[in-house]
Amino acid sequence: MKDSPKSFKSGDQVVLPPYGVGIVSGTTTKTVAGADLKYYEVQFPNGTSRAYVPVHAPLEAGLRPALTGEEVQSVLERLAHGRITLPKQWAARHRKVTDILTSGDPYQIATLASELRRWDLERGLPDLDRQAYRRALRLLAGEISAVLGITAQEARQMMDAGDEDELN
């Protein structure tokens with residue numbers, strides 16, 4: 001994933017946390033505080049949600065290109081084998097987990113899910129960590145299914161997320 005300034009064009013598949021995967025439908029100009037500013041218009045599945053992201057600062061708003069098909073394999077590898085050190089103290093761990101989930105970075109989210117899965121197998125997860133684990137899996141499945149043009153169920157099977165109940 002690139003950290004350099006990125007421009008998007010109509011039809012590009014993108015991710016905007018916390019909305020998920022969407023499609024750039026074009027640009028529009030809006031007047032804000034007396035200044036005309038250009039925005040990317042991003043539409044999300046079901047056609048009911050749209051977001052406007054400043055063209056001059058898409059990365060600051062969290063907008064990023066969706067994964068490519070090739071990148072999906074790297075994310076799946078992280079999901080299977082990723083490791084991260086999480087604080088033992090709940091409040092610090094919750095802050096770190098929340099930061100990762102809101103970052104929208106699929107590599108960090110996959111690494112987090114891998115670590116939470118390991119914790120669950122070793123000692124079980126407290127409820128809030130279990131919720132974070134489920135959210136991480138949902139975010140990853142949503143992006144993988146959109147990028148590969150498969151159902152969320154098929155993405156979950158690729159992710160080897162285990163019991164279907166884990167995601168509900």
# chains A, B, ... in the order shown; residues from 1 in each chain; ligands from 1
>>> residues_around(residues="A:Pro126", least_positions_apart="2", cutoff="12 Å", atoms="only C-alpha atoms", output="VMD selection string")
chain A and resid 88 90 93 to 94 116 119 to 120 123 to 124 128 to 133
>>> closest_atom_pairs(of="stretch 53-96 of chain A", to="stretch 134-154 of chain A", cutoff="9 Å", atoms="only C-alpha atoms", output="JSON lines")
{"residue": "A:Ala66", "atom": "CA", "partner": "A:Val147", "partner_atom": "CA", "distance": 7.0}
{"residue": "A:Leu67", "atom": "CA", "partner": "A:Val147", "partner_atom": "CA", "distance": 6.6}
{"residue": "A:Thr68", "atom": "CA", "partner": "A:Val147", "partner_atom": "CA", "distance": 6.7}
{"residue": "A:Gly69", "atom": "CA", "partner": "A:Leu148", "partner_atom": "CA", "distance": 6.4}
{"residue": "A:Val72", "atom": "CA", "partner": "A:Ile144", "partner_atom": "CA", "distance": 6.7}
{"residue": "A:Val75", "atom": "CA", "partner": "A:Leu140", "partner_atom": "CA", "distance": 8.6}
>>> write_last_selection(atoms="C-alpha atoms", output="compact mmCIF listing (two decimals), in the first residue's frame")
# COMPACT_ATOMS: atom_id res chain seq x y z
CA ALA A 66 -8.99 -1.13 -2.17
CA LEU A 67 -6.72 -4.15 -2.07
CA THR A 68 -5.70 -5.67 -5.37
CA GLY A 69 -6.21 -9.36 -6.02
CA VAL A 72 -5.38 -10.24 -0.83
CA VAL A 75 -3.45 -10.10 3.87
>>> residues_around(residues="A:Val53", least_positions_apart="6", cutoff="10 Å", atoms="only C-alpha atoms", output="list in words")
Leu16, Val24, Thr27, Thr28, Lys38, Tyr39, Tyr40, Glu41, Val42, Leu59, Glu60, Ala61, Gly62 and Leu63 of chain A
>>> write_last_selection(atoms="N, CA, C and O atoms", output="JSON list (two decimals), in the first residue's frame")
[["chain", "number", "residue", "atom", "x", "y", "z"],
["A", 16, "LEU", "N", -13.02, 3.51, 2.62],
["A", 16, "LEU", "CA", -13.08, 4.68, 3.49],
["A", 16, "LEU", "C", -13.60, 4.21, 4.85],
["A", 16, "LEU", "O", -14.79, 3.94, 5.01],
["A", 24, "VAL", "N", -15.56, 5.20, -6.43],
["A", 24, "VAL", "CA", -15.51, 6.63, -6.73],
["A", 24, "VAL", "C", -16.44, 6.86, -7.92],
["A", 24, "VAL", "O", -16.28, 6.24, -8.97],
["A", 27, "THR", "N", -16.06, 13.46, -9.22],
["A", 27, "THR", "CA", -15.74, 14.56, -8.33],
["A", 27, "THR", "C", -16.85, 15.59, -8.40],
["A", 27, "THR", "O", -17.61, 15.63, -9.38],
["A", 28, "THR", "N", -16.93, 16.38, -7.37],
["A", 28, "THR", "CA", -17.92, 17.45, -7.32],
["A", 28, "THR", "C", -17.29, 18.62, -6.59],
["A", 28, "THR", "O", -16.35, 18.45, -5.82],
["A", 38, "LYS", "N", -12.99, 20.94, -4.15],
["A", 38, "LYS", "CA", -13.30, 19.77, -4.96],
["A", 38, "LYS", "C", -13.26, 18.52, -4.07],
["A", 38, "LYS", "O", -12.35, 18.35, -3.25],
["A", 39, "TYR", "N", -14.24, 17.65, -4.27],
["A", 39, "TYR", "CA", -14.36, 16.42, -3.47],
["A", 39, "TYR", "C", -14.55, 15.22, -4.38],
["A", 39, "TYR", "O", -15.21, 15.32, -5.42],
["A", 40, "TYR", "N", -14.00, 14.09, -3.92],
["A", 40, "TYR", "CA", -14.35, 12.81, -4.54],
["A", 40, "TYR", "C", -15.70, 12.42, -3.98],
["A", 40, "TYR", "O", -15.93, 12.52, -2.77],
["A", 41, "GLU", "N", -16.58, 11.94, -4.84],
["A", 41, "GLU", "CA", -17.84, 11.39, -4.38],
["A", 41, "GLU", "C", -17.69, 9.87, -4.39],
["A", 41, "GLU", "O", -17.37, 9.28, -5.42],
["A", 42, "VAL", "N", -17.87, 9.27, -3.23],
["A", 42, "VAL", "CA", -17.71, 7.82, -3.09],
["A", 42, "VAL", "C", -19.07, 7.23, -2.74],
["A", 42, "VAL", "O", -19.71, 7.66, -1.78],
["A", 59, "LEU", "N", -5.84, 10.99, 1.70],
["A", 59, "LEU", "CA", -5.22, 10.11, 2.70],
["A", 59, "LEU", "C", -5.52, 10.56, 4.12],
["A", 59, "LEU", "O", -5.74, 9.74, 5.01],
["A", 60, "GLU", "N", -5.54, 11.88, 4.34],
["A", 60, "GLU", "CA", -5.85, 12.40, 5.67],
["A", 60, "GLU", "C", -7.27, 12.02, 6.08],
["A", 60, "GLU", "O", -7.56, 11.85, 7.25],
["A", 61, "ALA", "N", -8.16, 11.91, 5.10],
["A", 61, "ALA", "CA", -9.54, 11.51, 5.38],
["A", 61, "ALA", "C", -9.66, 10.00, 5.55],
["A", 61, "ALA", "O", -10.71, 9.50, 5.93],
["A", 62, "GLY", "N", -8.59, 9.27, 5.25],
["A", 62, "GLY", "CA", -8.60, 7.82, 5.39],
["A", 62, "GLY", "C", -8.90, 7.07, 4.10],
["A", 62, "GLY", "O", -8.91, 5.84, 4.09],
["A", 63, "LEU", "N", -9.15, 7.79, 3.01],
["A", 63, "LEU", "CA", -9.46, 7.14, 1.74],
["A", 63, "LEU", "C", -8.21, 6.47, 1.19],
["A", 63, "LEU", "O", -7.14, 7.06, 1.18]]
>>> select_by_dssp(residues="stretch 13-152 of chain A", states="strand (DSSP E or B)", output="PyMOL selection string")
chain A and resi 13-16+20-32+35-43+50-54+64-65
>>> write_last_selection(atoms="N, CA and C atoms", output="compact mmCIF listing (two decimals), in the first residue's frame")
# COMPACT_ATOMS: atom_id res chain seq x y z
N GLN A 13 -12.17 1.41 -7.15
CA GLN A 13 -12.65 0.78 -5.93
C GLN A 13 -11.77 1.28 -4.79
N VAL A 14 -12.40 1.81 -3.74
CA VAL A 14 -11.67 2.42 -2.63
C VAL A 14 -12.24 1.94 -1.30
N VAL A 15 -11.51 2.23 -0.23
CA VAL A 15 -11.98 1.94 1.12
C VAL A 15 -11.93 3.24 1.91
N LEU A 16 -13.02 3.51 2.62
CA LEU A 16 -13.08 4.68 3.49
C LEU A 16 -13.60 4.21 4.85
N GLY A 20 -16.29 1.29 4.67
CA GLY A 20 -15.91 0.07 3.97
C GLY A 20 -15.59 0.35 2.52
N VAL A 21 -15.85 -0.64 1.66
CA VAL A 21 -15.50 -0.56 0.25
C VAL A 21 -16.57 0.21 -0.51
N GLY A 22 -16.11 1.12 -1.35
CA GLY A 22 -17.01 1.89 -2.19
C GLY A 22 -16.39 2.12 -3.55
N ILE A 23 -17.11 2.84 -4.38
CA ILE A 23 -16.65 3.15 -5.73
C ILE A 23 -16.65 4.67 -5.89
N VAL A 24 -15.56 5.20 -6.43
CA VAL A 24 -15.51 6.63 -6.73
C VAL A 24 -16.44 6.86 -7.92
N SER A 25 -17.44 7.71 -7.72
CA SER A 25 -18.38 7.97 -8.81
C SER A 25 -18.03 9.25 -9.55
N GLY A 26 -17.00 9.95 -9.11
CA GLY A 26 -16.57 11.17 -9.78
C GLY A 26 -16.15 12.21 -8.76
N THR A 27 -16.06 13.46 -9.22
CA THR A 27 -15.74 14.56 -8.33
C THR A 27 -16.85 15.59 -8.40
N THR A 28 -16.93 16.38 -7.37
CA THR A 28 -17.92 17.45 -7.32
C THR A 28 -17.29 18.62 -6.59
N THR A 29 -17.81 19.81 -6.85
CA THR A 29 -17.33 21.00 -6.16
C THR A 29 -18.40 21.46 -5.19
N LYS A 30 -17.97 21.73 -3.97
CA LYS A 30 -18.88 22.22 -2.93
C LYS A 30 -18.29 23.50 -2.35
N THR A 31 -19.17 24.41 -1.99
CA THR A 31 -18.73 25.64 -1.37
C THR A 31 -18.73 25.45 0.14
N VAL A 32 -17.57 25.61 0.74
CA VAL A 32 -17.42 25.45 2.18
C VAL A 32 -16.73 26.71 2.71
N ALA A 35 -15.42 29.10 0.17
CA ALA A 35 -14.42 28.64 -0.80
C ALA A 35 -14.96 27.43 -1.56
N ASP A 36 -14.70 27.39 -2.85
CA ASP A 36 -15.09 26.23 -3.65
C ASP A 36 -14.01 25.16 -3.51
N LEU A 37 -14.42 24.01 -3.02
CA LEU A 37 -13.48 22.90 -2.82
C LEU A 37 -13.96 21.70 -3.63
N LYS A 38 -12.99 20.94 -4.15
CA LYS A 38 -13.30 19.77 -4.96
C LYS A 38 -13.26 18.52 -4.07
N TYR A 39 -14.24 17.65 -4.27
CA TYR A 39 -14.36 16.42 -3.47
C TYR A 39 -14.55 15.22 -4.38
N TYR A 40 -14.00 14.09 -3.92
CA TYR A 40 -14.35 12.81 -4.54
C TYR A 40 -15.70 12.42 -3.98
N GLU A 41 -16.58 11.94 -4.84
CA GLU A 41 -17.84 11.39 -4.38
C GLU A 41 -17.69 9.87 -4.39
N VAL A 42 -17.87 9.27 -3.23
CA VAL A 42 -17.71 7.82 -3.09
C VAL A 42 -19.07 7.23 -2.74
N GLN A 43 -19.51 6.25 -3.53
CA GLN A 43 -20.78 5.59 -3.27
C GLN A 43 -20.50 4.19 -2.72
N ARG A 50 -23.24 7.69 0.72
CA ARG A 50 -22.18 8.29 -0.08
C ARG A 50 -21.38 9.19 0.83
N ALA A 51 -20.14 9.38 0.47
CA ALA A 51 -19.25 10.24 1.24
C ALA A 51 -18.53 11.17 0.28
N TYR A 52 -18.15 12.32 0.79
CA TYR A 52 -17.40 13.29 0.01
C TYR A 52 -16.05 13.47 0.69
N VAL A 53 -14.99 13.22 -0.08
CA VAL A 53 -13.64 13.25 0.46
C VAL A 53 -12.85 14.32 -0.28
N PRO A 54 -12.19 15.23 0.46
CA PRO A 54 -11.45 16.30 -0.21
C PRO A 54 -10.39 15.75 -1.18
N ARG A 64 -8.37 5.23 0.78
CA ARG A 64 -7.25 4.49 0.20
C ARG A 64 -7.77 3.57 -0.89
N PRO A 65 -6.88 3.18 -1.80
CA PRO A 65 -7.30 2.21 -2.81
C PRO A 65 -7.67 0.89 -2.13
>>> atom_distance(atom1="atom CA of A:Thr111", atom2="atom CA of A:Ala155")
16.9 Å
>>> atom_distance(atom1="atom CA of A:Ala110", atom2="atom CA of A:Thr48")
28.0 Å
>>> atom_distance(atom1="atom CA of A:Arg156", atom2="atom CA of A:Ser103")
21.1 Å
